[in-house]
Amino acid sequence: MGKMLYEGQRFPIGTEESPLFQGKTMTRFLASELPALPPEECLFHVIPVPYEATVSYGGGTRRGPAAIIEASNQLEVWTGEKNPGEHGIYTWPAVNCPGEAPAALDTIADATGNALASRADAVPVLLGGEHSITFGALRALRDHYGAIGVIQFDAHADLRDTYGGSKYSHACVMRRAADDLSLPLYQLGVRSLSPEEVAYRKEKGIPHLDAREFARLGGAEWLRNQAGPLLPRDFPHRVYLTFDVDALDASVMPATGTPEPGGLSWWESLALVRRCLSGRECIGLDVNETAPIEGFTAPTFTAARLTYELMAEVCIARGL
């Protein structure tokens, strides 16, 4: 049964050419279930970032944040084992990212910094938008915490130095994290790489568990039988989790610009997230590259549920 939207904070997202979004407003994440609280009382700080400038196949990721937040109002707060909403979820106004990529990334970094300024242990939860948004968040979090590691779920390595004439393309975001910010990476679910990326991975020794290898090993059954840690032992204690929805198999998540077959299942993804976060402090996350399909609500609900499940995994890892 559908829910009535909570009449709390609302802010305009502007008019899109699609009738699906014309005249609509974006509510708070899970506003249908959770009270409006001040930012200092909320652990999770949702930051919508409808930025889309370098997508290279299907478009529409700028509509992702609004669709995810709208879909979140159909969620229940109890995931089956956790209620992350009880720790507070604050939704910031959508980030306006005009101009060239460097300026847009500065704005995203500022928005992330504002969340951290409102509460020192706030967990920024960015909703994209294209994957390049991650670089802005990482800059702010590195400045706030110092050494952090990046856990990347993705169908693509995103390790090109340039793509489409830009160093800030969505296809380059992890290269920027590694080269420009000197952040260690761990990649999961990748199944599409260029020769340049294969060589760079090998040169830098970037650890990974690609989708093909995970399937060959036995998937979730193999993971259950692994007693040791998944991440390298010297990986930083504080980590940022970036989840490109195309890490999921296209049968689970078709609403993305670059869907790839052979991806992770829903339960495999969550099991891998839990193993990666075990014993570590997740200080921020993003869910990016959702490109809503008009008239097909299942994928955007999946993205909203994924976002909330990742919040739950943050709580479990922290013992909350």
# chains A, B, ... in the order shown; residues from 1 in each chain; ligands from 1
$ residues_around --residues "Ser72 (chain A)" --least-positions-apart "2" --cutoff "12 Å" --atoms "only C-alpha atoms" --output "MDAnalysis selection string"
chainID A and resid 2:6 26:34 46 65:70 74:77 85 89 91 297:309
$ residues_around --residues "Gln152 (chain A)" --least-positions-apart "2" --cutoff "7 Å" --atoms "only C-alpha atoms" --output "short mmCIF file (atom, residue, chain, number, x, y, z; two decimals) with all heavy atoms, in the first residue's frame"
data_model
loop_
_atom_site.label_atom_id
_atom_site.label_comp_id
_atom_site.auth_asym_id
_atom_site.auth_seq_id
_atom_site.Cartn_x
_atom_site.Cartn_y
_atom_site.Cartn_z
N VAL A 150 39.07 4.16 0.02
CA VAL A 150 37.87 4.20 -0.81
C VAL A 150 37.48 2.79 -1.23
O VAL A 150 38.29 2.07 -1.83
CB VAL A 150 38.07 5.08 -2.06
CG1 VAL A 150 36.79 5.14 -2.88
CG2 VAL A 150 38.53 6.47 -1.67
N ASP A 154 31.28 -1.07 -8.55
CA ASP A 154 31.14 -0.47 -9.88
C ASP A 154 31.30 -1.56 -10.94
O ASP A 154 32.04 -2.52 -10.74
CB ASP A 154 32.24 0.59 -10.07
CG ASP A 154 31.86 1.69 -11.04
OD1 ASP A 154 31.25 1.38 -12.07
OD2 ASP A 154 32.20 2.86 -10.77
N TYR A 186 39.87 0.04 -3.11
CA TYR A 186 39.55 -1.38 -3.25
C TYR A 186 38.30 -1.45 -4.12
O TYR A 186 37.29 -0.82 -3.81
CB TYR A 186 39.29 -2.04 -1.89
CG TYR A 186 39.15 -3.55 -2.00
CD1 TYR A 186 40.27 -4.37 -1.96
CD2 TYR A 186 37.90 -4.14 -2.17
CE1 TYR A 186 40.16 -5.75 -2.08
CE2 TYR A 186 37.78 -5.52 -2.28
CZ TYR A 186 38.90 -6.33 -2.24
OH TYR A 186 38.79 -7.68 -2.36
N GLN A 187 38.37 -2.21 -5.22
CA GLN A 187 37.31 -2.23 -6.22
C GLN A 187 36.58 -3.57 -6.22
O GLN A 187 37.22 -4.63 -6.19
CB GLN A 187 37.87 -1.95 -7.61
CG GLN A 187 38.58 -0.61 -7.71
CD GLN A 187 39.09 -0.32 -9.12
OE1 GLN A 187 39.70 -1.17 -9.76
NE2 GLN A 187 38.82 0.89 -9.61
N LEU A 188 35.24 -3.51 -6.30
CA LEU A 188 34.43 -4.72 -6.33
C LEU A 188 33.40 -4.64 -7.45
O LEU A 188 32.80 -3.59 -7.69
CB LEU A 188 33.69 -4.91 -5.00
CG LEU A 188 34.56 -5.01 -3.74
CD1 LEU A 188 34.55 -3.69 -2.98
CD2 LEU A 188 34.07 -6.13 -2.83
N LEU A 241 32.54 4.73 1.11
CA LEU A 241 31.93 3.73 0.25
C LEU A 241 31.23 4.42 -0.91
O LEU A 241 30.31 5.22 -0.70
CB LEU A 241 30.92 2.91 1.06
CG LEU A 241 30.08 1.88 0.31
CD1 LEU A 241 30.97 0.80 -0.29
CD2 LEU A 241 29.05 1.26 1.24
N THR A 242 31.68 4.14 -2.12
CA THR A 242 31.02 4.70 -3.30
C THR A 242 30.39 3.56 -4.08
O THR A 242 31.06 2.57 -4.43
CB THR A 242 31.99 5.51 -4.18
OG1 THR A 242 31.29 5.99 -5.34
CG2 THR A 242 33.21 4.72 -4.60
N PHE A 243 29.10 3.68 -4.34
CA PHE A 243 28.35 2.59 -4.97
C PHE A 243 27.71 3.11 -6.25
O PHE A 243 26.71 3.82 -6.22
CB PHE A 243 27.29 2.05 -4.02
CG PHE A 243 26.84 0.65 -4.34
CD1 PHE A 243 27.10 -0.39 -3.47
CD2 PHE A 243 26.16 0.37 -5.53
CE1 PHE A 243 26.71 -1.70 -3.76
CE2 PHE A 243 25.76 -0.92 -5.83
CZ PHE A 243 26.04 -1.97 -4.94
#
$ select_by_dssp --residues "region 32-84 of chain A" --states "alpha helix (DSSP H)" --output "PyMOL selection string"
chain A and resi 64-72
$ residues_around --residues "Glu130 (chain A)" --least-positions-apart "3" --cutoff "12 Å" --atoms "only C-alpha atoms" --output "PyMOL selection string"
chain A and resi 48-65+97+101+105+126-127+133-136+158+168-173+242-246+256-258+286-291
$ decode --residues "region 173-199 of chain A" --atoms "N, CA, C and O atoms" --output "CSV table (one decimal), in the first residue's frame"
chain,number,residue,atom,x,y,z
A,173,VAL,N,37.0,9.1,-12.3
A,173,VAL,CA,36.9,9.6,-10.9
A,173,VAL,C,37.8,8.8,-10.0
A,173,VAL,O,38.4,9.4,-9.0
A,174,MET,N,38.0,7.5,-10.2
A,174,MET,CA,38.9,6.8,-9.2
A,174,MET,C,40.4,7.1,-9.5
A,174,MET,O,41.2,7.0,-8.6
A,175,ARG,N,40.7,7.4,-10.8
A,175,ARG,CA,42.0,7.8,-11.1
A,175,ARG,C,42.4,9.1,-10.4
A,175,ARG,O,43.5,9.3,-9.9
A,176,ARG,N,41.4,10.0,-10.3
A,176,ARG,CA,41.6,11.3,-9.6
A,176,ARG,C,41.8,11.1,-8.1
A,176,ARG,O,42.6,11.7,-7.5
A,177,ALA,N,41.0,10.1,-7.6
A,177,ALA,CA,41.1,9.8,-6.2
A,177,ALA,C,42.5,9.3,-5.9
A,177,ALA,O,43.1,9.6,-4.8
A,178,ALA,N,43.0,8.4,-6.7
A,178,ALA,CA,44.3,7.8,-6.5
A,178,ALA,C,45.4,8.7,-6.8
A,178,ALA,O,46.4,8.8,-6.0
A,179,ASP,N,45.4,9.4,-7.9
A,179,ASP,CA,46.5,10.3,-8.3
A,179,ASP,C,46.5,11.6,-7.6
A,179,ASP,O,47.5,12.1,-7.1
A,180,ASP,N,45.3,12.3,-7.6
A,180,ASP,CA,45.3,13.6,-7.1
A,180,ASP,C,45.1,13.7,-5.6
A,180,ASP,O,45.6,14.7,-4.9
A,181,LEU,N,44.5,12.7,-5.0
A,181,LEU,CA,44.3,12.7,-3.5
A,181,LEU,C,45.1,11.7,-2.8
A,181,LEU,O,45.1,11.6,-1.6
A,182,SER,N,45.8,10.8,-3.5
A,182,SER,CA,46.6,9.7,-3.0
A,182,SER,C,45.8,8.8,-2.0
A,182,SER,O,46.3,8.4,-1.0
A,183,LEU,N,44.6,8.5,-2.4
A,183,LEU,CA,43.8,7.6,-1.6
A,183,LEU,C,43.9,6.2,-2.1
A,183,LEU,O,43.8,5.9,-3.3
A,184,PRO,N,44.0,5.2,-1.2
A,184,PRO,CA,44.0,3.8,-1.6
A,184,PRO,C,42.6,3.4,-1.9
A,184,PRO,O,41.6,3.8,-1.4
A,185,LEU,N,42.5,2.5,-2.9
A,185,LEU,CA,41.2,2.0,-3.4
A,185,LEU,C,41.1,0.5,-3.2
A,185,LEU,O,42.1,-0.3,-3.2
A,186,TYR,N,39.9,0.0,-3.1
A,186,TYR,CA,39.5,-1.4,-3.3
A,186,TYR,C,38.3,-1.4,-4.1
A,186,TYR,O,37.3,-0.8,-3.8
A,187,GLN,N,38.4,-2.2,-5.2
A,187,GLN,CA,37.3,-2.2,-6.2
A,187,GLN,C,36.6,-3.6,-6.2
A,187,GLN,O,37.2,-4.6,-6.2
A,188,LEU,N,35.2,-3.5,-6.3
A,188,LEU,CA,34.4,-4.7,-6.3
A,188,LEU,C,33.4,-4.6,-7.4
A,188,LEU,O,32.8,-3.6,-7.7
A,189,GLY,N,33.2,-5.8,-8.1
A,189,GLY,CA,32.1,-5.9,-9.1
A,189,GLY,C,32.5,-5.4,-10.5
A,189,GLY,O,31.7,-5.5,-11.4
A,190,VAL,N,33.8,-5.0,-10.7
A,190,VAL,CA,34.2,-4.5,-12.0
A,190,VAL,C,34.2,-5.6,-13.0
A,190,VAL,O,34.6,-6.7,-12.8
A,191,ARG,N,33.7,-5.3,-14.2
A,191,ARG,CA,33.7,-6.3,-15.3
A,191,ARG,C,33.8,-5.6,-16.7
A,191,ARG,O,33.5,-6.2,-17.7
A,192,SER,N,34.3,-4.4,-16.7
A,192,SER,CA,34.5,-3.7,-18.0
A,192,SER,C,35.7,-2.7,-17.8
A,192,SER,O,35.5,-1.7,-17.1
A,193,LEU,N,36.8,-3.0,-18.5
A,193,LEU,CA,38.0,-2.1,-18.3
A,193,LEU,C,38.6,-1.9,-19.7
A,193,LEU,O,38.6,-2.7,-20.5
A,194,SER,N,39.3,-0.8,-19.8
A,194,SER,CA,40.1,-0.5,-20.9
A,194,SER,C,41.5,-1.0,-20.7
A,194,SER,O,41.9,-1.2,-19.5
A,195,PRO,N,42.3,-1.2,-21.8
A,195,PRO,CA,43.7,-1.7,-21.6
A,195,PRO,C,44.5,-0.7,-20.7
A,195,PRO,O,45.4,-1.1,-19.9
A,196,GLU,N,44.2,0.6,-20.8
A,196,GLU,CA,44.9,1.6,-20.0
A,196,GLU,C,44.7,1.3,-18.5
A,196,GLU,O,45.6,1.4,-17.7
A,197,GLU,N,43.4,1.0,-18.2
A,197,GLU,CA,43.0,0.8,-16.8
A,197,GLU,C,43.6,-0.5,-16.2
A,197,GLU,O,44.1,-0.6,-15.1
A,198,VAL,N,43.7,-1.6,-17.1
A,198,VAL,CA,44.3,-2.8,-16.7
A,198,VAL,C,45.8,-2.6,-16.3
A,198,VAL,O,46.3,-3.0,-15.3
A,199,ALA,N,46.5,-1.8,-17.2
A,199,ALA,CA,47.9,-1.5,-16.9
A,199,ALA,C,48.1,-0.7,-15.7
A,199,ALA,O,49.0,-0.9,-14.9
